[in-house]
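Structure file my_file.txt (compact mmCIF, N, CA and C atoms) is printed below.
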```txt
# COMPACT_ATOMS: atom_id res chain seq x y z
N MET A 17 -88.91 53.91 101.59
CA MET A 17 -88.48 55.22 102.01
C MET A 17 -88.39 55.25 103.54
N LYS A 18 -87.22 55.63 104.06
CA LYS A 18 -87.01 55.68 105.50
C LYS A 18 -87.49 57.01 106.06
N MET A 19 -88.00 56.93 107.29
CA MET A 19 -88.46 58.14 107.97
C MET A 19 -87.34 58.63 108.88
N ASN A 20 -87.13 59.94 108.93
CA ASN A 20 -86.17 60.45 109.89
C ASN A 20 -86.84 60.55 111.25
N ASN A 21 -86.05 60.88 112.28
CA ASN A 21 -86.59 60.90 113.65
C ASN A 21 -87.71 61.91 113.82
N ASN A 22 -87.60 63.07 113.15
CA ASN A 22 -88.64 64.09 113.26
C ASN A 22 -89.96 63.59 112.67
N SER A 23 -89.89 62.89 111.55
CA SER A 23 -91.10 62.34 110.93
C SER A 23 -91.73 61.26 111.79
N LYS A 24 -90.89 60.42 112.39
CA LYS A 24 -91.39 59.37 113.28
C LYS A 24 -92.10 59.99 114.48
N PHE A 25 -91.48 61.04 115.04
CA PHE A 25 -92.07 61.72 116.19
C PHE A 25 -93.42 62.32 115.82
N ARG A 26 -93.49 62.99 114.67
CA ARG A 26 -94.74 63.61 114.21
C ARG A 26 -95.80 62.54 113.95
N SER A 27 -95.40 61.44 113.34
CA SER A 27 -96.34 60.35 113.07
C SER A 27 -96.88 59.75 114.37
N LYS A 28 -96.01 59.57 115.34
CA LYS A 28 -96.42 59.03 116.64
C LYS A 28 -97.38 59.99 117.34
N LYS A 29 -97.10 61.30 117.23
CA LYS A 29 -97.97 62.30 117.84
C LYS A 29 -99.36 62.28 117.21
N ILE A 30 -99.41 62.16 115.90
CA ILE A 30 -100.70 62.11 115.20
C ILE A 30 -101.47 60.86 115.60
N THR A 31 -100.77 59.72 115.65
CA THR A 31 -101.41 58.47 116.05
C THR A 31 -101.97 58.57 117.47
N ASN A 32 -101.20 59.15 118.37
CA ASN A 32 -101.67 59.30 119.75
C ASN A 32 -102.88 60.22 119.82
N PHE A 33 -102.90 61.28 119.01
CA PHE A 33 -104.05 62.18 118.99
C PHE A 33 -105.29 61.46 118.46
N VAL A 34 -105.12 60.67 117.40
CA VAL A 34 -106.25 59.91 116.84
C VAL A 34 -106.75 58.89 117.86
N LYS A 35 -105.84 58.25 118.59
CA LYS A 35 -106.25 57.32 119.65
C LYS A 35 -107.06 58.03 120.72
N PHE A 36 -106.62 59.22 121.09
CA PHE A 36 -107.35 60.02 122.09
C PHE A 36 -108.77 60.31 121.59
N ILE A 37 -108.89 60.77 120.35
CA ILE A 37 -110.20 61.07 119.76
C ILE A 37 -111.05 59.80 119.70
N PHE A 38 -110.43 58.66 119.35
CA PHE A 38 -111.15 57.38 119.30
C PHE A 38 -111.72 57.02 120.67
N HIS A 39 -110.90 57.15 121.71
CA HIS A 39 -111.36 56.77 123.05
C HIS A 39 -112.45 57.72 123.56
N ILE A 40 -112.28 59.01 123.32
CA ILE A 40 -113.31 59.98 123.71
C ILE A 40 -114.61 59.70 122.95
N SER A 41 -114.48 59.38 121.66
CA SER A 41 -115.66 59.07 120.84
C SER A 41 -116.36 57.82 121.35
N ASN A 42 -115.59 56.83 121.78
CA ASN A 42 -116.19 55.61 122.32
C ASN A 42 -116.96 55.89 123.60
N ILE A 43 -116.38 56.67 124.47
CA ILE A 43 -117.06 57.01 125.73
C ILE A 43 -118.36 57.76 125.42
N THR A 44 -118.27 58.72 124.50
CA THR A 44 -119.45 59.50 124.12
C THR A 44 -120.51 58.59 123.50
N LEU A 45 -120.09 57.69 122.62
CA LEU A 45 -121.02 56.75 121.98
C LEU A 45 -121.74 55.91 123.04
N ILE A 46 -121.00 55.39 123.99
CA ILE A 46 -121.59 54.54 125.03
C ILE A 46 -122.59 55.34 125.86
N ILE A 47 -122.24 56.58 126.21
CA ILE A 47 -123.16 57.42 126.98
C ILE A 47 -124.44 57.67 126.19
N PHE A 48 -124.30 58.05 124.91
CA PHE A 48 -125.48 58.34 124.09
C PHE A 48 -126.33 57.09 123.86
N TYR A 49 -125.67 55.94 123.72
CA TYR A 49 -126.39 54.69 123.48
C TYR A 49 -127.14 54.20 124.71
N LEU A 50 -126.55 54.38 125.88
CA LEU A 50 -127.14 53.81 127.09
C LEU A 50 -128.08 54.79 127.81
N TYR A 51 -128.13 56.03 127.36
CA TYR A 51 -129.04 57.01 127.95
C TYR A 51 -130.48 56.63 127.62
N PRO A 52 -131.37 56.62 128.63
CA PRO A 52 -132.77 56.26 128.36
C PRO A 52 -133.52 57.40 127.67
N GLY A 53 -133.41 57.45 126.38
CA GLY A 53 -134.02 58.50 125.58
C GLY A 53 -132.98 59.04 124.61
N SER A 54 -133.31 60.14 123.98
CA SER A 54 -132.40 60.74 123.00
C SER A 54 -131.83 62.04 123.56
N ILE A 55 -130.52 62.06 123.81
CA ILE A 55 -129.87 63.28 124.30
C ILE A 55 -129.99 64.39 123.26
N PHE A 56 -129.78 64.04 121.99
CA PHE A 56 -129.93 65.04 120.93
C PHE A 56 -131.36 65.56 120.85
N GLY A 57 -132.32 64.66 121.00
CA GLY A 57 -133.72 65.07 120.98
C GLY A 57 -134.04 66.03 122.11
N CYS A 58 -133.45 65.79 123.28
CA CYS A 58 -133.66 66.68 124.43
C CYS A 58 -133.20 68.10 124.11
N PHE A 59 -132.04 68.23 123.48
CA PHE A 59 -131.48 69.55 123.19
C PHE A 59 -132.12 70.21 121.96
N ILE A 60 -132.30 69.45 120.90
CA ILE A 60 -132.78 70.02 119.65
C ILE A 60 -134.29 70.27 119.68
N TYR A 61 -135.07 69.27 120.12
CA TYR A 61 -136.53 69.37 120.07
C TYR A 61 -137.18 69.61 121.43
N ASN A 62 -136.35 69.64 122.48
CA ASN A 62 -136.86 69.75 123.85
C ASN A 62 -137.77 68.57 124.18
N ASP A 63 -137.48 67.42 123.56
CA ASP A 63 -138.25 66.20 123.76
C ASP A 63 -137.30 65.01 123.64
N CYS A 64 -137.06 64.34 124.76
CA CYS A 64 -136.10 63.22 124.77
C CYS A 64 -136.61 61.99 124.04
N GLY A 65 -137.86 62.00 123.61
CA GLY A 65 -138.43 60.86 122.91
C GLY A 65 -138.24 60.93 121.40
N ILE A 66 -137.77 62.08 120.89
CA ILE A 66 -137.59 62.24 119.44
C ILE A 66 -136.11 62.11 119.09
N GLN A 67 -135.84 61.28 118.11
CA GLN A 67 -134.46 61.08 117.64
C GLN A 67 -134.26 61.84 116.34
N PRO A 68 -133.34 62.81 116.28
CA PRO A 68 -133.09 63.51 115.02
C PRO A 68 -132.56 62.54 113.96
N GLN A 69 -132.95 62.75 112.73
CA GLN A 69 -132.54 61.89 111.62
C GLN A 69 -131.72 62.72 110.63
N LEU A 70 -130.45 62.33 110.40
CA LEU A 70 -129.59 63.08 109.48
C LEU A 70 -130.09 62.96 108.04
N THR A 71 -130.33 61.72 107.62
CA THR A 71 -130.87 61.46 106.28
C THR A 71 -131.89 60.35 106.41
N GLY A 72 -132.59 60.07 105.35
CA GLY A 72 -133.52 58.95 105.36
C GLY A 72 -132.77 57.63 105.48
N ASN A 73 -133.43 56.65 106.03
CA ASN A 73 -132.82 55.32 106.16
C ASN A 73 -132.61 54.69 104.79
N PHE A 74 -131.76 53.67 104.73
CA PHE A 74 -131.41 53.02 103.48
C PHE A 74 -132.22 51.76 103.24
N LEU A 75 -132.27 51.35 101.99
CA LEU A 75 -132.93 50.12 101.56
C LEU A 75 -134.37 50.02 102.09
N ASN A 76 -135.15 51.01 101.72
CA ASN A 76 -136.57 51.00 102.08
C ASN A 76 -136.77 50.90 103.60
N ASN A 77 -136.01 51.71 104.34
CA ASN A 77 -136.11 51.79 105.80
C ASN A 77 -135.64 50.52 106.52
N MET A 78 -134.78 49.74 105.88
CA MET A 78 -134.29 48.51 106.50
C MET A 78 -132.97 48.69 107.25
N ILE A 79 -132.24 49.78 106.97
CA ILE A 79 -130.95 50.02 107.60
C ILE A 79 -130.91 51.47 108.07
N SER A 80 -130.57 51.68 109.33
CA SER A 80 -130.54 53.02 109.92
C SER A 80 -129.33 53.81 109.41
N SER A 81 -129.60 54.93 108.77
CA SER A 81 -128.52 55.76 108.24
C SER A 81 -127.70 56.40 109.37
N ASN A 82 -128.36 56.88 110.43
CA ASN A 82 -127.62 57.48 111.54
C ASN A 82 -126.60 56.50 112.12
N HIS A 83 -127.00 55.27 112.27
CA HIS A 83 -126.12 54.27 112.86
C HIS A 83 -124.94 53.95 111.94
N ILE A 84 -125.20 53.91 110.64
CA ILE A 84 -124.10 53.68 109.69
C ILE A 84 -123.08 54.80 109.81
N TYR A 85 -123.54 56.05 109.81
CA TYR A 85 -122.62 57.19 109.87
C TYR A 85 -121.77 57.15 111.13
N VAL A 86 -122.39 56.92 112.27
CA VAL A 86 -121.67 56.92 113.54
C VAL A 86 -120.62 55.80 113.56
N PHE A 87 -121.01 54.60 113.13
CA PHE A 87 -120.07 53.49 113.21
C PHE A 87 -118.99 53.54 112.13
N ILE A 88 -119.24 54.22 111.02
CA ILE A 88 -118.16 54.43 110.05
C ILE A 88 -117.08 55.31 110.69
N ILE A 89 -117.50 56.38 111.33
CA ILE A 89 -116.54 57.31 111.93
C ILE A 89 -115.78 56.66 113.08
N ILE A 90 -116.51 56.06 114.02
CA ILE A 90 -115.87 55.42 115.17
C ILE A 90 -114.92 54.32 114.70
N SER A 91 -115.37 53.49 113.77
CA SER A 91 -114.55 52.38 113.29
C SER A 91 -113.30 52.86 112.57
N PHE A 92 -113.45 53.87 111.74
CA PHE A 92 -112.30 54.37 111.01
C PHE A 92 -111.25 54.93 111.98
N LEU A 93 -111.70 55.65 112.99
CA LEU A 93 -110.76 56.14 114.02
C LEU A 93 -110.06 54.97 114.71
N GLY A 94 -110.81 53.91 115.00
CA GLY A 94 -110.23 52.73 115.64
C GLY A 94 -109.22 52.03 114.75
N PHE A 95 -109.55 51.89 113.47
CA PHE A 95 -108.63 51.22 112.55
C PHE A 95 -107.36 52.02 112.35
N ILE A 96 -107.46 53.34 112.30
CA ILE A 96 -106.25 54.17 112.19
C ILE A 96 -105.42 54.06 113.46
N SER A 97 -106.08 54.09 114.61
CA SER A 97 -105.39 54.05 115.90
C SER A 97 -104.68 52.73 116.16
N TYR A 98 -105.30 51.65 115.74
CA TYR A 98 -104.77 50.32 116.06
C TYR A 98 -104.53 49.52 114.79
N SER A 99 -103.76 50.09 113.88
CA SER A 99 -103.54 49.46 112.58
C SER A 99 -102.37 48.47 112.56
N LYS A 100 -101.63 48.39 113.65
CA LYS A 100 -100.52 47.43 113.69
C LYS A 100 -101.08 46.01 113.71
N LYS A 101 -100.33 45.08 113.13
CA LYS A 101 -100.82 43.70 113.00
C LYS A 101 -101.27 43.11 114.34
N THR A 102 -100.52 43.40 115.40
CA THR A 102 -100.83 42.77 116.69
C THR A 102 -102.14 43.26 117.29
N THR A 103 -102.54 44.49 116.99
CA THR A 103 -103.76 45.03 117.60
C THR A 103 -104.94 45.12 116.64
N PHE A 104 -104.69 44.95 115.36
CA PHE A 104 -105.74 45.16 114.36
C PHE A 104 -106.88 44.14 114.52
N LYS A 105 -106.55 42.88 114.77
CA LYS A 105 -107.58 41.86 114.96
C LYS A 105 -108.46 42.18 116.17
N TYR A 106 -107.81 42.70 117.22
CA TYR A 106 -108.56 43.02 118.44
C TYR A 106 -109.52 44.18 118.21
N ILE A 107 -109.10 45.19 117.46
CA ILE A 107 -109.98 46.34 117.24
C ILE A 107 -111.16 45.95 116.35
N ILE A 108 -110.92 45.06 115.38
CA ILE A 108 -112.03 44.58 114.55
C ILE A 108 -113.05 43.85 115.42
N THR A 109 -112.55 42.96 116.26
CA THR A 109 -113.43 42.20 117.16
C THR A 109 -114.18 43.14 118.09
N TYR A 110 -113.46 44.09 118.68
CA TYR A 110 -114.09 45.04 119.60
C TYR A 110 -115.20 45.83 118.91
N LEU A 111 -114.93 46.35 117.72
CA LEU A 111 -115.91 47.19 117.04
C LEU A 111 -117.17 46.41 116.65
N PHE A 112 -117.00 45.19 116.17
CA PHE A 112 -118.20 44.39 115.86
C PHE A 112 -118.94 44.02 117.14
N PHE A 113 -118.19 43.69 118.20
CA PHE A 113 -118.82 43.36 119.48
C PHE A 113 -119.62 44.54 120.02
N ILE A 114 -118.99 45.72 120.07
CA ILE A 114 -119.67 46.89 120.64
C ILE A 114 -120.87 47.29 119.81
N SER A 115 -120.80 47.09 118.49
CA SER A 115 -121.93 47.45 117.63
C SER A 115 -123.15 46.57 117.93
N VAL A 116 -122.92 45.31 118.25
CA VAL A 116 -124.01 44.39 118.60
C VAL A 116 -124.44 44.60 120.06
N PHE A 117 -123.48 44.65 120.95
CA PHE A 117 -123.77 44.76 122.39
C PHE A 117 -124.59 46.01 122.71
N LEU A 118 -124.19 47.16 122.18
CA LEU A 118 -124.90 48.39 122.50
C LEU A 118 -126.35 48.35 122.02
N GLU A 119 -126.58 47.78 120.86
CA GLU A 119 -127.97 47.69 120.38
C GLU A 119 -128.77 46.70 121.21
N LEU A 120 -128.16 45.60 121.60
CA LEU A 120 -128.86 44.62 122.45
C LEU A 120 -129.22 45.21 123.81
N MET A 121 -128.42 46.15 124.29
CA MET A 121 -128.72 46.79 125.58
C MET A 121 -130.03 47.56 125.53
N HIS A 122 -130.47 47.94 124.33
CA HIS A 122 -131.74 48.67 124.21
C HIS A 122 -132.94 47.82 124.60
N ILE A 123 -132.74 46.52 124.69
CA ILE A 123 -133.82 45.64 125.13
C ILE A 123 -134.17 45.93 126.59
N VAL A 124 -133.18 46.29 127.40
CA VAL A 124 -133.41 46.48 128.84
C VAL A 124 -133.41 47.93 129.29
N ILE A 125 -133.04 48.87 128.42
CA ILE A 125 -132.99 50.28 128.81
C ILE A 125 -134.37 50.91 128.61
N PRO A 126 -134.89 51.57 129.66
CA PRO A 126 -136.19 52.23 129.53
C PRO A 126 -136.15 53.31 128.44
N GLU A 127 -137.27 53.50 127.77
CA GLU A 127 -137.41 54.50 126.71
C GLU A 127 -136.57 54.21 125.46
N ARG A 128 -135.97 53.05 125.40
CA ARG A 128 -135.20 52.66 124.22
C ARG A 128 -135.78 51.35 123.72
N GLY A 129 -135.55 51.04 122.45
CA GLY A 129 -136.06 49.80 121.90
C GLY A 129 -135.06 49.19 120.93
N PHE A 130 -134.92 47.90 121.00
CA PHE A 130 -134.05 47.17 120.08
C PHE A 130 -134.69 47.18 118.70
N GLU A 131 -133.90 47.52 117.68
CA GLU A 131 -134.39 47.50 116.31
C GLU A 131 -133.36 46.84 115.41
N ILE A 132 -133.83 45.93 114.60
CA ILE A 132 -132.95 45.23 113.66
C ILE A 132 -132.29 46.22 112.70
N LYS A 133 -133.03 47.25 112.26
CA LYS A 133 -132.45 48.21 111.31
C LYS A 133 -131.30 48.98 111.95
N ASP A 134 -131.35 49.24 113.25
CA ASP A 134 -130.25 49.90 113.95
C ASP A 134 -129.05 48.96 114.07
N LEU A 135 -129.32 47.72 114.45
CA LEU A 135 -128.24 46.73 114.55
C LEU A 135 -127.56 46.54 113.20
N THR A 136 -128.36 46.45 112.14
CA THR A 136 -127.81 46.30 110.80
C THR A 136 -126.97 47.52 110.43
N GLY A 137 -127.46 48.72 110.76
CA GLY A 137 -126.71 49.94 110.49
C GLY A 137 -125.37 49.95 111.22
N ASN A 138 -125.36 49.50 112.47
CA ASN A 138 -124.11 49.43 113.24
C ASN A 138 -123.10 48.51 112.54
N ILE A 139 -123.54 47.31 112.20
CA ILE A 139 -122.64 46.32 111.60
C ILE A 139 -122.18 46.77 110.21
N VAL A 140 -123.11 47.30 109.42
CA VAL A 140 -122.75 47.79 108.08
C VAL A 140 -121.75 48.93 108.18
N GLY A 141 -121.92 49.82 109.16
CA GLY A 141 -120.98 50.92 109.36
C GLY A 141 -119.57 50.43 109.64
N VAL A 142 -119.45 49.43 110.52
CA VAL A 142 -118.13 48.86 110.81
C VAL A 142 -117.56 48.20 109.55
N ALA A 143 -118.39 47.45 108.83
CA ALA A 143 -117.92 46.74 107.63
C ALA A 143 -117.47 47.71 106.54
N ILE A 144 -118.24 48.78 106.31
CA ILE A 144 -117.85 49.76 105.29
C ILE A 144 -116.52 50.40 105.65
N SER A 145 -116.38 50.78 106.91
CA SER A 145 -115.14 51.40 107.36
C SER A 145 -113.95 50.45 107.21
N LEU A 146 -114.17 49.18 107.54
CA LEU A 146 -113.11 48.18 107.41
C LEU A 146 -112.69 48.01 105.95
N ILE A 147 -113.65 47.94 105.06
CA ILE A 147 -113.34 47.78 103.63
C ILE A 147 -112.56 48.99 103.12
N ILE A 148 -113.03 50.19 103.45
CA ILE A 148 -112.33 51.40 103.00
C ILE A 148 -110.90 51.44 103.57
N PHE A 149 -110.76 51.11 104.85
CA PHE A 149 -109.44 51.13 105.48
C PHE A 149 -108.51 50.12 104.81
N LEU A 150 -109.00 48.91 104.56
CA LEU A 150 -108.15 47.89 103.93
C LEU A 150 -107.76 48.28 102.50
N ILE A 151 -108.66 48.93 101.78
CA ILE A 151 -108.32 49.40 100.43
C ILE A 151 -107.20 50.44 100.50
N PHE A 152 -107.33 51.41 101.40
CA PHE A 152 -106.28 52.42 101.55
C PHE A 152 -104.96 51.80 101.98
N LYS A 153 -105.04 50.84 102.91
CA LYS A 153 -103.82 50.18 103.39
C LYS A 153 -103.13 49.43 102.25
N GLN A 154 -103.90 48.75 101.42
CA GLN A 154 -103.34 48.01 100.29
C GLN A 154 -102.74 48.96 99.26
N ARG A 155 -103.43 50.05 98.98
CA ARG A 155 -102.93 51.04 98.02
C ARG A 155 -101.63 51.67 98.52
N LYS A 156 -101.55 51.93 99.82
CA LYS A 156 -100.32 52.50 100.41
C LYS A 156 -99.18 51.49 100.30
N LYS A 157 -99.49 50.24 100.58
CA LYS A 157 -98.48 49.19 100.50
C LYS A 157 -97.95 49.05 99.07
N ASN A 158 -98.82 49.23 98.08
CA ASN A 158 -98.41 49.10 96.68
C ASN A 158 -97.84 50.39 96.12
N GLY A 159 -97.73 51.43 96.94
CA GLY A 159 -97.11 52.68 96.51
C GLY A 159 -98.01 53.64 95.77
N PHE A 160 -99.31 53.45 95.83
CA PHE A 160 -100.25 54.35 95.15
C PHE A 160 -100.59 55.58 95.98
N ILE A 161 -100.31 55.52 97.26
CA ILE A 161 -100.61 56.66 98.16
C ILE A 161 -99.34 57.13 98.79
```
Whole structure, structure tokens version:
Amino acid sequence: MKMNNNSKFRSKKITNFVKFIFHISNITLIIFYLYPGSIFGCFIYNDCGIQPQLTGNFLNNMISSNHIYVFIIISFLGFISYSKKTTFKYIITYLFFISVFLELMHIVIPERGFEIKDLTGNIVGVAISLIIFLIFKQRKKNGFI
């Protein structure tokens, strides 16, 4: 099915908006990750040492649920924004890199601590988002969507 010029323009506008949201989300993620303490804890509990928990952690406290949720959202925005063949490999590499790098930075940031469960949550979040995105992409290619 061919797209007319109006549809192409609308599609391009949506893609650009999603890219904008992805980049703003990345900047926000980096700020929240590198801040020495919890920005949310400062506002919600008036204590920068407390991290709010959306849900309980997964697999007997072995994987951080907050980290999975954040990286699913960030990754999905990235995959939608850079879904063309030429950029898709780069966004996958970037997202896995940033998920590891940001957690490793907690080793040197005061009031923060490196945790394997957070690192695992980051990586699992990117992987879940990638799997969901590839399923949707395949279904669209086969005409199911």
Around the point (-103.9, 53.3, 96.5) in the file's coordinates, collect all residues with an atom within 12 Å, using only C-alpha atoms, and return them as a ChimeraX atom specification.
/A:148-161
Counting all atoms listed in the file, the residue of A:Ser54, A:Ser41, A:Ser91, A:Asn73 that sits nearest Ser145 in chain A
A:Ser91
For a quick check of understanding, using only C-alpha atoms, which of A:Ser81, A:Thr109, A:Thr44, A:Thr31 has the smallest distance to Leu146 in chain A?
A:Thr109
Extract the full set of helix (DSSP H, G or I) residues from range 31-133 of chain A according to DSSP on the backbone, and format it as a ChimeraX atom specification.
/A:31-50,55-60,81-97,101-123,132-133
With distances taken over only N, CA and C atoms, which of A:Tyr85, A:Phe113, A:Leu50, A:Met78 is nearest to Asp134 in chain A?
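Smallest distance to Asp134 in chain A is found for A:Met78.
Distance-wise, CA of Gly53 in chain A and atom C of Leu120 in chain A end up 14.2 Å apart.
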In Å to one decimal, how far is atom N of Ser99 in chain A from atom C of Leu111 in chain A?
14.2 Å
Neighbour list for Thr136 in chain A as a PyMOL selection string, cut-off 8 Å, all atoms listed in the file, skip fewer than 4 positions in-chain
chain A and resi 78-80+83-84+115+131-132+140-142
Those residues with N, CA and C atoms, as a PDB file, in the frame of the given file please?
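Listing of part.pdb after writing:
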```pdb
ATOM      1  N   MET A  78    -134.780  49.740 105.880  1.00  0.00           N
ATOM      2  CA  MET A  78    -134.290  48.510 106.500  1.00  0.00           C
ATOM      3  C   MET A  78    -132.970  48.690 107.250  1.00  0.00           C
ATOM      4  N   ILE A  79    -132.240  49.780 106.970  1.00  0.00           N
ATOM      5  CA  ILE A  79    -130.950  50.020 107.600  1.00  0.00           C
ATOM      6  C   ILE A  79    -130.910  51.470 108.070  1.00  0.00           C
ATOM      7  N   SER A  80    -130.570  51.680 109.330  1.00  0.00           N
ATOM      8  CA  SER A  80    -130.540  53.020 109.920  1.00  0.00           C
ATOM      9  C   SER A  80    -129.330  53.810 109.410  1.00  0.00           C
ATOM     10  N   HIS A  83    -127.000  55.270 112.270  1.00  0.00           N
ATOM     11  CA  HIS A  83    -126.120  54.270 112.860  1.00  0.00           C
ATOM     12  C   HIS A  83    -124.940  53.950 111.940  1.00  0.00           C
ATOM     13  N   ILE A  84    -125.200  53.910 110.640  1.00  0.00           N
ATOM     14  CA  ILE A  84    -124.100  53.680 109.690  1.00  0.00           C
ATOM     15  C   ILE A  84    -123.080  54.800 109.810  1.00  0.00           C
ATOM     16  N   SER A 115    -120.800  47.090 118.490  1.00  0.00           N
ATOM     17  CA  SER A 115    -121.930  47.450 117.630  1.00  0.00           C
ATOM     18  C   SER A 115    -123.150  46.570 117.930  1.00  0.00           C
ATOM     19  N   GLU A 131    -133.900  47.520 117.680  1.00  0.00           N
ATOM     20  CA  GLU A 131    -134.390  47.500 116.310  1.00  0.00           C
ATOM     21  C   GLU A 131    -133.360  46.840 115.410  1.00  0.00           C
ATOM     22  N   ILE A 132    -133.830  45.930 114.600  1.00  0.00           N
ATOM     23  CA  ILE A 132    -132.950  45.230 113.660  1.00  0.00           C
ATOM     24  C   ILE A 132    -132.290  46.220 112.700  1.00  0.00           C
ATOM     25  N   VAL A 140    -123.110  47.300 109.420  1.00  0.00           N
ATOM     26  CA  VAL A 140    -122.750  47.790 108.080  1.00  0.00           C
ATOM     27  C   VAL A 140    -121.750  48.930 108.180  1.00  0.00           C
ATOM     28  N   GLY A 141    -121.920  49.820 109.160  1.00  0.00           N
ATOM     29  CA  GLY A 141    -120.980  50.920 109.360  1.00  0.00           C
ATOM     30  C   GLY A 141    -119.570  50.430 109.640  1.00  0.00           C
ATOM     31  N   VAL A 142    -119.450  49.430 110.520  1.00  0.00           N
ATOM     32  CA  VAL A 142    -118.130  48.860 110.810  1.00  0.00           C
ATOM     33  C   VAL A 142    -117.560  48.200 109.550  1.00  0.00           C
TER      34      VAL A 142
END
```
One decimal, in Å: what's the spacing between CA of Phe92 in chain A and atom C of Ile60 in chain A?
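If I compute the distance from CA of Phe92 in chain A to atom C of Ile60 in chain A, I get 28.5 Å.
Remark: for His39 in chain A, the closest of the candidate residues A:Leu75, A:Gly94, A:Val86, A:Val124 is A:Gly94 (distances computed over only N, CA and C atoms).
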